[in-house]
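Structure file upload-v7.cif with mmCIF, N, CA and C atoms:
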```cif
data_model
loop_
_atom_site.label_atom_id
_atom_site.label_comp_id
_atom_site.auth_asym_id
_atom_site.auth_seq_id
_atom_site.Cartn_x
_atom_site.Cartn_y
_atom_site.Cartn_z
N MET Y 1 -31.06 37.19 145.79
CA MET Y 1 -31.23 35.92 145.11
C MET Y 1 -29.99 35.07 145.34
N GLY Y 2 -30.15 33.91 145.95
CA GLY Y 2 -29.03 33.02 146.23
C GLY Y 2 -28.70 32.16 145.03
N VAL Y 3 -27.62 31.44 145.15
CA VAL Y 3 -27.22 30.52 144.10
C VAL Y 3 -28.14 29.31 144.14
N PRO Y 4 -28.71 28.92 143.00
CA PRO Y 4 -29.63 27.78 143.01
C PRO Y 4 -28.92 26.49 143.37
N ARG Y 5 -29.65 25.63 144.04
CA ARG Y 5 -29.12 24.31 144.37
C ARG Y 5 -29.12 23.49 143.08
N VAL Y 6 -28.02 22.87 142.79
CA VAL Y 6 -27.90 22.07 141.58
C VAL Y 6 -28.13 20.62 141.94
N VAL Y 7 -29.15 20.03 141.34
CA VAL Y 7 -29.47 18.62 141.58
C VAL Y 7 -28.92 17.82 140.41
N VAL Y 8 -28.15 16.80 140.72
CA VAL Y 8 -27.55 15.96 139.70
C VAL Y 8 -28.36 14.69 139.56
N ALA Y 9 -28.78 14.41 138.33
CA ALA Y 9 -29.51 13.17 138.08
C ALA Y 9 -28.55 12.00 138.19
N PRO Y 10 -29.04 10.86 138.66
CA PRO Y 10 -28.15 9.69 138.76
C PRO Y 10 -27.61 9.31 137.37
N VAL Y 11 -26.38 8.85 137.37
CA VAL Y 11 -25.78 8.39 136.13
C VAL Y 11 -26.42 7.05 135.77
N PRO Y 12 -26.95 6.91 134.55
CA PRO Y 12 -27.55 5.62 134.17
C PRO Y 12 -26.52 4.50 134.31
N PRO Y 13 -26.92 3.34 134.84
CA PRO Y 13 -25.97 2.26 135.12
C PRO Y 13 -25.14 1.83 133.91
N GLY Y 14 -25.69 1.87 132.72
CA GLY Y 14 -24.94 1.43 131.55
C GLY Y 14 -23.98 2.46 130.99
N LEU Y 15 -24.02 3.69 131.49
CA LEU Y 15 -23.19 4.75 130.93
C LEU Y 15 -21.72 4.61 131.30
N ALA Y 16 -21.43 4.31 132.55
CA ALA Y 16 -20.04 4.26 133.02
C ALA Y 16 -19.19 3.28 132.22
N PRO Y 17 -19.65 2.06 131.96
CA PRO Y 17 -18.80 1.15 131.18
C PRO Y 17 -18.52 1.68 129.77
N LEU Y 18 -19.50 2.34 129.16
CA LEU Y 18 -19.30 2.88 127.82
C LEU Y 18 -18.29 4.02 127.83
N VAL Y 19 -18.42 4.92 128.79
CA VAL Y 19 -17.48 6.04 128.89
C VAL Y 19 -16.09 5.51 129.20
N ASN Y 20 -15.99 4.53 130.08
CA ASN Y 20 -14.68 3.93 130.39
C ASN Y 20 -14.04 3.33 129.14
N GLN Y 21 -14.85 2.67 128.30
CA GLN Y 21 -14.33 2.08 127.07
C GLN Y 21 -13.82 3.16 126.11
N VAL Y 22 -14.56 4.25 125.99
CA VAL Y 22 -14.14 5.35 125.11
C VAL Y 22 -12.80 5.90 125.58
N VAL Y 23 -12.67 6.13 126.88
CA VAL Y 23 -11.42 6.68 127.41
C VAL Y 23 -10.29 5.68 127.26
N ASP Y 24 -10.56 4.40 127.49
CA ASP Y 24 -9.52 3.37 127.31
C ASP Y 24 -9.00 3.38 125.87
N ARG Y 25 -9.92 3.47 124.91
CA ARG Y 25 -9.52 3.50 123.50
C ARG Y 25 -8.73 4.77 123.19
N ALA Y 26 -9.18 5.90 123.72
CA ALA Y 26 -8.49 7.16 123.46
C ALA Y 26 -7.08 7.14 124.05
N ARG Y 27 -6.95 6.57 125.26
CA ARG Y 27 -5.61 6.45 125.86
C ARG Y 27 -4.72 5.54 125.02
N ALA Y 28 -5.27 4.40 124.60
CA ALA Y 28 -4.50 3.44 123.80
C ALA Y 28 -4.05 4.05 122.47
N ALA Y 29 -4.87 4.94 121.93
CA ALA Y 29 -4.54 5.59 120.66
C ALA Y 29 -3.62 6.80 120.85
N GLY Y 30 -3.34 7.14 122.10
CA GLY Y 30 -2.49 8.30 122.37
C GLY Y 30 -3.20 9.63 122.15
N ALA Y 31 -4.54 9.62 122.19
CA ALA Y 31 -5.31 10.84 121.93
C ALA Y 31 -5.57 11.68 123.17
N VAL Y 32 -5.37 11.10 124.35
CA VAL Y 32 -5.58 11.82 125.61
C VAL Y 32 -4.45 11.47 126.56
N ARG Y 33 -4.28 12.27 127.60
CA ARG Y 33 -3.22 12.01 128.56
C ARG Y 33 -3.45 10.67 129.25
N ASP Y 34 -2.38 10.04 129.69
CA ASP Y 34 -2.44 8.69 130.25
C ASP Y 34 -3.24 8.55 131.54
N ASP Y 35 -3.39 9.65 132.29
CA ASP Y 35 -4.07 9.54 133.57
C ASP Y 35 -5.54 9.94 133.52
N LEU Y 36 -6.10 10.18 132.32
CA LEU Y 36 -7.52 10.50 132.19
C LEU Y 36 -8.35 9.24 132.42
N THR Y 37 -9.48 9.39 133.13
CA THR Y 37 -10.39 8.26 133.36
C THR Y 37 -11.79 8.60 132.88
N GLY Y 38 -12.61 7.58 132.74
CA GLY Y 38 -14.01 7.79 132.38
C GLY Y 38 -14.74 8.61 133.43
N VAL Y 39 -14.40 8.41 134.67
CA VAL Y 39 -15.01 9.18 135.76
C VAL Y 39 -14.68 10.66 135.58
N ASP Y 40 -13.46 10.95 135.14
CA ASP Y 40 -13.11 12.36 134.88
C ASP Y 40 -14.08 12.98 133.89
N LEU Y 41 -14.39 12.27 132.81
CA LEU Y 41 -15.31 12.80 131.81
C LEU Y 41 -16.71 13.02 132.38
N ILE Y 42 -17.19 12.06 133.15
CA ILE Y 42 -18.53 12.19 133.73
C ILE Y 42 -18.58 13.37 134.70
N LEU Y 43 -17.56 13.54 135.52
CA LEU Y 43 -17.57 14.64 136.48
C LEU Y 43 -17.39 16.00 135.81
N VAL Y 44 -16.68 16.05 134.70
CA VAL Y 44 -16.61 17.30 133.95
C VAL Y 44 -18.00 17.64 133.40
N GLN Y 45 -18.71 16.64 132.91
CA GLN Y 45 -20.08 16.87 132.44
C GLN Y 45 -20.96 17.39 133.57
N VAL Y 46 -20.85 16.80 134.74
CA VAL Y 46 -21.61 17.26 135.91
C VAL Y 46 -21.25 18.71 136.22
N SER Y 47 -19.96 19.02 136.19
CA SER Y 47 -19.51 20.38 136.49
C SER Y 47 -20.02 21.39 135.47
N LEU Y 48 -19.93 21.06 134.20
CA LEU Y 48 -20.40 21.98 133.16
C LEU Y 48 -21.91 22.18 133.24
N THR Y 49 -22.65 21.12 133.55
CA THR Y 49 -24.10 21.23 133.72
C THR Y 49 -24.43 22.13 134.90
N ALA Y 50 -23.71 21.95 136.02
CA ALA Y 50 -23.95 22.80 137.19
C ALA Y 50 -23.66 24.26 136.87
N LEU Y 51 -22.57 24.53 136.17
CA LEU Y 51 -22.24 25.89 135.78
C LEU Y 51 -23.32 26.49 134.90
N ALA Y 52 -23.80 25.73 133.94
CA ALA Y 52 -24.86 26.22 133.05
C ALA Y 52 -26.13 26.53 133.84
N LYS Y 53 -26.47 25.68 134.80
CA LYS Y 53 -27.67 25.92 135.61
C LYS Y 53 -27.53 27.15 136.49
N VAL Y 54 -26.36 27.34 137.08
CA VAL Y 54 -26.13 28.50 137.94
C VAL Y 54 -26.14 29.78 137.11
N ALA Y 55 -25.58 29.74 135.91
CA ALA Y 55 -25.49 30.94 135.07
C ALA Y 55 -26.82 31.30 134.41
N HIS Y 56 -27.70 30.33 134.26
CA HIS Y 56 -28.96 30.55 133.55
C HIS Y 56 -29.76 31.71 134.15
N GLY Y 57 -30.09 32.67 133.31
CA GLY Y 57 -30.94 33.78 133.73
C GLY Y 57 -30.24 34.83 134.59
N ARG Y 58 -28.91 34.80 134.69
CA ARG Y 58 -28.19 35.74 135.55
C ARG Y 58 -27.34 36.74 134.77
N ALA Y 59 -27.51 36.78 133.45
CA ALA Y 59 -26.67 37.66 132.63
C ALA Y 59 -26.81 39.12 133.04
N ASP Y 60 -28.03 39.58 133.30
CA ASP Y 60 -28.23 40.98 133.69
C ASP Y 60 -27.59 41.27 135.05
N ALA Y 61 -27.75 40.37 135.99
CA ALA Y 61 -27.21 40.59 137.33
C ALA Y 61 -25.68 40.63 137.30
N VAL Y 62 -25.08 39.87 136.42
CA VAL Y 62 -23.63 39.79 136.35
C VAL Y 62 -23.07 40.84 135.38
N GLY Y 63 -23.92 41.30 134.48
CA GLY Y 63 -23.48 42.28 133.50
C GLY Y 63 -22.71 41.68 132.34
N ARG Y 64 -23.02 40.44 132.03
CA ARG Y 64 -22.36 39.75 130.92
C ARG Y 64 -23.42 39.12 130.03
N GLY Y 65 -23.52 39.60 128.81
CA GLY Y 65 -24.48 39.04 127.87
C GLY Y 65 -24.14 37.63 127.42
N ASP Y 66 -22.89 37.24 127.61
CA ASP Y 66 -22.45 35.91 127.19
C ASP Y 66 -22.42 34.90 128.34
N LEU Y 67 -23.03 35.23 129.44
CA LEU Y 67 -22.95 34.37 130.63
C LEU Y 67 -23.47 32.96 130.36
N ALA Y 68 -24.51 32.83 129.55
CA ALA Y 68 -25.07 31.51 129.26
C ALA Y 68 -24.08 30.63 128.50
N GLU Y 69 -23.08 31.25 127.89
CA GLU Y 69 -22.07 30.51 127.13
C GLU Y 69 -20.79 30.27 127.93
N LEU Y 70 -20.77 30.66 129.19
CA LEU Y 70 -19.56 30.56 130.00
C LEU Y 70 -19.05 29.12 130.11
N TYR Y 71 -19.97 28.17 130.12
CA TYR Y 71 -19.56 26.77 130.23
C TYR Y 71 -18.57 26.40 129.12
N ARG Y 72 -18.69 27.07 127.96
CA ARG Y 72 -17.82 26.76 126.83
C ARG Y 72 -16.36 27.06 127.16
N ARG Y 73 -16.11 28.09 127.96
CA ARG Y 73 -14.73 28.41 128.36
C ARG Y 73 -14.14 27.24 129.14
N TYR Y 74 -14.89 26.71 130.08
CA TYR Y 74 -14.37 25.65 130.93
C TYR Y 74 -14.30 24.31 130.19
N LEU Y 75 -15.18 24.11 129.23
CA LEU Y 75 -15.06 22.94 128.37
C LEU Y 75 -13.75 23.02 127.59
N TRP Y 76 -13.43 24.20 127.07
CA TRP Y 76 -12.19 24.38 126.32
C TRP Y 76 -10.98 24.17 127.21
N VAL Y 77 -11.01 24.70 128.42
CA VAL Y 77 -9.90 24.50 129.36
C VAL Y 77 -9.71 23.00 129.61
N PHE Y 78 -10.81 22.29 129.81
CA PHE Y 78 -10.73 20.85 130.04
C PHE Y 78 -10.16 20.13 128.82
N LEU Y 79 -10.70 20.43 127.65
CA LEU Y 79 -10.24 19.74 126.44
C LEU Y 79 -8.76 20.00 126.19
N ASP Y 80 -8.32 21.22 126.43
CA ASP Y 80 -6.90 21.53 126.27
C ASP Y 80 -6.07 20.77 127.30
N GLY Y 81 -6.61 20.62 128.49
CA GLY Y 81 -5.89 19.96 129.58
C GLY Y 81 -5.72 18.46 129.41
N ILE Y 82 -6.56 17.81 128.59
CA ILE Y 82 -6.44 16.36 128.42
C ILE Y 82 -5.57 15.98 127.23
N ARG Y 83 -5.08 16.98 126.52
CA ARG Y 83 -4.24 16.70 125.36
C ARG Y 83 -2.96 16.00 125.81
N PRO Y 84 -2.55 14.96 125.09
CA PRO Y 84 -1.35 14.22 125.48
C PRO Y 84 -0.06 14.85 124.98
N ASP Y 85 -0.15 15.77 124.02
CA ASP Y 85 1.04 16.28 123.36
C ASP Y 85 1.61 17.53 124.01
N ARG Y 86 1.31 17.71 125.26
CA ARG Y 86 1.87 18.84 126.00
C ARG Y 86 3.16 18.38 126.66
N ASP Y 87 4.24 19.09 126.40
CA ASP Y 87 5.53 18.73 126.98
C ASP Y 87 5.56 18.94 128.49
N ASP Y 88 4.73 19.85 128.94
CA ASP Y 88 4.77 20.21 130.36
C ASP Y 88 3.46 19.88 131.08
N ALA Y 89 2.88 18.73 130.79
CA ALA Y 89 1.64 18.34 131.45
C ALA Y 89 1.86 18.28 132.96
N THR Y 90 1.04 18.99 133.67
CA THR Y 90 1.14 19.03 135.11
C THR Y 90 0.53 17.77 135.71
N PRO Y 91 1.22 17.11 136.62
CA PRO Y 91 0.62 15.94 137.28
C PRO Y 91 -0.65 16.36 138.01
N LEU Y 92 -1.64 15.52 137.97
CA LEU Y 92 -2.90 15.83 138.64
C LEU Y 92 -2.72 15.71 140.15
N PRO Y 93 -3.34 16.62 140.91
CA PRO Y 93 -3.06 16.69 142.35
C PRO Y 93 -3.66 15.56 143.18
N VAL Y 94 -4.72 14.95 142.71
CA VAL Y 94 -5.34 13.83 143.43
C VAL Y 94 -5.76 12.78 142.41
N PRO Y 95 -5.85 11.51 142.82
CA PRO Y 95 -6.28 10.49 141.87
C PRO Y 95 -7.76 10.62 141.54
N SER Y 96 -8.13 10.04 140.41
CA SER Y 96 -9.54 10.01 140.01
C SER Y 96 -10.34 9.13 140.98
N LEU Y 97 -11.62 9.41 141.07
CA LEU Y 97 -12.51 8.50 141.79
C LEU Y 97 -12.67 7.23 140.95
N THR Y 98 -12.99 6.13 141.60
CA THR Y 98 -13.39 4.94 140.86
C THR Y 98 -14.82 5.13 140.41
N THR Y 99 -15.27 4.29 139.51
CA THR Y 99 -16.66 4.38 139.06
C THR Y 99 -17.61 4.21 140.25
N GLN Y 100 -17.34 3.27 141.13
CA GLN Y 100 -18.19 3.05 142.30
C GLN Y 100 -18.21 4.29 143.20
N GLN Y 101 -17.06 4.89 143.43
CA GLN Y 101 -17.01 6.09 144.27
C GLN Y 101 -17.80 7.23 143.64
N ALA Y 102 -17.71 7.37 142.31
CA ALA Y 102 -18.46 8.43 141.63
C ALA Y 102 -19.96 8.19 141.76
N HIS Y 103 -20.40 6.95 141.61
CA HIS Y 103 -21.82 6.63 141.78
C HIS Y 103 -22.28 6.98 143.19
N LEU Y 104 -21.47 6.63 144.17
CA LEU Y 104 -21.83 6.93 145.56
C LEU Y 104 -21.88 8.44 145.80
N MET Y 105 -20.90 9.17 145.27
CA MET Y 105 -20.86 10.61 145.46
C MET Y 105 -22.05 11.30 144.81
N LEU Y 106 -22.46 10.80 143.64
CA LEU Y 106 -23.56 11.42 142.91
C LEU Y 106 -24.93 10.92 143.36
N GLY Y 107 -24.93 10.08 144.40
CA GLY Y 107 -26.19 9.66 144.99
C GLY Y 107 -26.83 8.47 144.34
N ALA Y 108 -26.08 7.74 143.54
CA ALA Y 108 -26.65 6.57 142.86
C ALA Y 108 -26.55 5.32 143.70
N GLY Y 109 -25.96 5.41 144.87
CA GLY Y 109 -25.78 4.22 145.70
C GLY Y 109 -24.73 3.32 145.09
N ALA Y 110 -24.71 2.11 145.52
CA ALA Y 110 -23.72 1.15 145.04
C ALA Y 110 -24.20 0.41 143.81
N SER Y 111 -25.38 0.76 143.28
CA SER Y 111 -25.89 0.06 142.10
C SER Y 111 -25.15 0.52 140.87
N GLY Y 112 -25.32 -0.20 139.82
CA GLY Y 112 -24.67 0.16 138.56
C GLY Y 112 -23.32 -0.50 138.45
N ASP Y 113 -22.54 -0.05 137.48
CA ASP Y 113 -21.25 -0.63 137.20
C ASP Y 113 -20.33 -0.46 138.40
N GLN Y 114 -19.68 -1.49 138.79
CA GLN Y 114 -18.79 -1.46 139.95
C GLN Y 114 -17.33 -1.48 139.54
N GLN Y 115 -17.04 -1.45 138.24
CA GLN Y 115 -15.65 -1.54 137.78
C GLN Y 115 -15.05 -0.15 137.76
N ASP Y 116 -13.72 -0.10 137.78
CA ASP Y 116 -12.99 1.17 137.66
C ASP Y 116 -12.94 1.60 136.22
#
```
Entire entry expressed as structure tokens:
Amino acid sequence: MGVPRVVVAPVPPGLAPLVNQVVDRARAAGAVRDDLTGVDLILVQVSLTALAKVAHGRADAVGRGDLAELYRRYLWVFLDGIRPDRDDATPLPVPSLTTQQAHLMLGAGASGDQQD
């Protein structure tokens, strides 16, 4: 049994501006690290969804009864990683995608919000 292909639904056009606003507010309030972007949140959601889909129904094959909950570990790692109050926050290795680049990567074409 191979790993299932994960199909990502297009991001609704109105979602990106809302997520960007939430992240902008969180950054302004000092609740998240300064280099977090709305695209980061959307791609973490895509990643967690893909992990959940791949893990679904594979607990016996892997020998882990908690496999369906594995996404929670990576959500926690992410949430801990965006905290601003870490004295030793590691610089991120590559810049975030822009909203337009994320739409293109996820197959939504150039439609939708074009702002960063």
List the spatial neighbours of Leu79 of chain Y as a tab-separated table (two decimals) with N, CA and C atoms, keeping the file's coordinate frame - criterion: any atom at most 12 Å away, only C-alpha atoms, same-chain residues fewer than 3 positions off excluded.
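Output file part.tsv is given in full below:
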```tsv
chain	number	residue	atom	x	y	z
Y	31	ALA	N	-4.54	9.62	122.19
Y	31	ALA	CA	-5.31	10.84	121.93
Y	31	ALA	C	-5.57	11.68	123.17
Y	32	VAL	N	-5.37	11.10	124.35
Y	32	VAL	CA	-5.58	11.82	125.61
Y	32	VAL	C	-4.45	11.47	126.56
Y	33	ARG	N	-4.28	12.27	127.60
Y	33	ARG	CA	-3.22	12.01	128.56
Y	33	ARG	C	-3.45	10.67	129.25
Y	36	LEU	N	-6.10	10.18	132.32
Y	36	LEU	CA	-7.52	10.50	132.19
Y	36	LEU	C	-8.35	9.24	132.42
Y	40	ASP	N	-13.46	10.95	135.14
Y	40	ASP	CA	-13.11	12.36	134.88
Y	40	ASP	C	-14.08	12.98	133.89
Y	41	LEU	N	-14.39	12.27	132.81
Y	41	LEU	CA	-15.31	12.80	131.81
Y	41	LEU	C	-16.71	13.02	132.38
Y	44	VAL	N	-16.68	16.05	134.70
Y	44	VAL	CA	-16.61	17.30	133.95
Y	44	VAL	C	-18.00	17.64	133.40
Y	45	GLN	N	-18.71	16.64	132.91
Y	45	GLN	CA	-20.08	16.87	132.44
Y	45	GLN	C	-20.96	17.39	133.57
Y	72	ARG	N	-18.69	27.07	127.96
Y	72	ARG	CA	-17.82	26.76	126.83
Y	72	ARG	C	-16.36	27.06	127.16
Y	73	ARG	N	-16.11	28.09	127.96
Y	73	ARG	CA	-14.73	28.41	128.36
Y	73	ARG	C	-14.14	27.24	129.14
Y	74	TYR	N	-14.89	26.71	130.08
Y	74	TYR	CA	-14.37	25.65	130.93
Y	74	TYR	C	-14.30	24.31	130.19
Y	75	LEU	N	-15.18	24.11	129.23
Y	75	LEU	CA	-15.06	22.94	128.37
Y	75	LEU	C	-13.75	23.02	127.59
Y	76	TRP	N	-13.43	24.20	127.07
Y	76	TRP	CA	-12.19	24.38	126.32
Y	76	TRP	C	-10.98	24.17	127.21
Y	82	ILE	N	-6.56	17.81	128.59
Y	82	ILE	CA	-6.44	16.36	128.42
Y	82	ILE	C	-5.57	15.98	127.23
Y	83	ARG	N	-5.08	16.98	126.52
Y	83	ARG	CA	-4.24	16.70	125.36
Y	83	ARG	C	-2.96	16.00	125.81
Y	84	PRO	N	-2.55	14.96	125.09
Y	84	PRO	CA	-1.35	14.22	125.48
Y	84	PRO	C	-0.06	14.85	124.98
```
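For segment 22-24 of chain Y, the residues within 6 Å (counting all atoms listed in the file, excluding itself and residues fewer than 4 positions away along the chain) are Leu18, Ala28, Ala29, Thr37 and Gly38 of chain Y.
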Write out, as an mmCIF file, in the frame of the given file, the residues just selected, with N, CA and C atoms.
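Result file follows (part01.cif):
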```cif
data_model
loop_
_atom_site.group_PDB
_atom_site.id
_atom_site.type_symbol
_atom_site.label_atom_id
_atom_site.label_comp_id
_atom_site.auth_asym_id
_atom_site.auth_seq_id
_atom_site.Cartn_x
_atom_site.Cartn_y
_atom_site.Cartn_z
ATOM 1 N N LEU Y 18 -19.500 2.340 129.160
ATOM 2 C CA LEU Y 18 -19.300 2.880 127.820
ATOM 3 C C LEU Y 18 -18.290 4.020 127.830
ATOM 4 N N ALA Y 28 -5.270 4.400 124.600
ATOM 5 C CA ALA Y 28 -4.500 3.440 123.800
ATOM 6 C C ALA Y 28 -4.050 4.050 122.470
ATOM 7 N N ALA Y 29 -4.870 4.940 121.930
ATOM 8 C CA ALA Y 29 -4.540 5.590 120.660
ATOM 9 C C ALA Y 29 -3.620 6.800 120.850
ATOM 10 N N THR Y 37 -9.480 9.390 133.130
ATOM 11 C CA THR Y 37 -10.390 8.260 133.360
ATOM 12 C C THR Y 37 -11.790 8.600 132.880
ATOM 13 N N GLY Y 38 -12.610 7.580 132.740
ATOM 14 C CA GLY Y 38 -14.010 7.790 132.380
ATOM 15 C C GLY Y 38 -14.740 8.610 133.430
#
```
Set up a box along x, y and z of the file covering all listed atoms of segment 14-30 of chain Y, add 3 Å on every one of the six sides, and write the centre and edge lengths in Å to one decimal, as JSON.
```
{"center_x": -14.1, "center_y": 5.4, "center_z": 126.8, "size_x": 29.2, "size_y": 14.5, "size_z": 18.4}
```
Any idea what the distance is between atom CA of Gln101 of chain Y and atom CA of Val46 of chain Y?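 Going from atom CA of Gln101 of chain Y over to atom CA of Val46 of chain Y, I get 14.7 Å.
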With only N, CA and C atoms as the atoms that count, which of Y:Ala26, Y:Val39, Y:Gly57, Y:Gly14 lies nearest to Thr99 of chain Y? Y:Val39
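What separates atom CA of Leu43 of chain Y from atom CA of Asp80 of chain Y is a distance of 16.3 Å.
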Backbone DSSP call of helix (DSSP H, G or I) for segment 25-70 of chain Y, listed as a PyMOL selection string: chain Y and resi 25-28+38-55+59-62+67-70
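Taking atom CA of Gln21 of chain Y as the reference point, atom N of Ile42 of chain Y is found at 12.0 Å.
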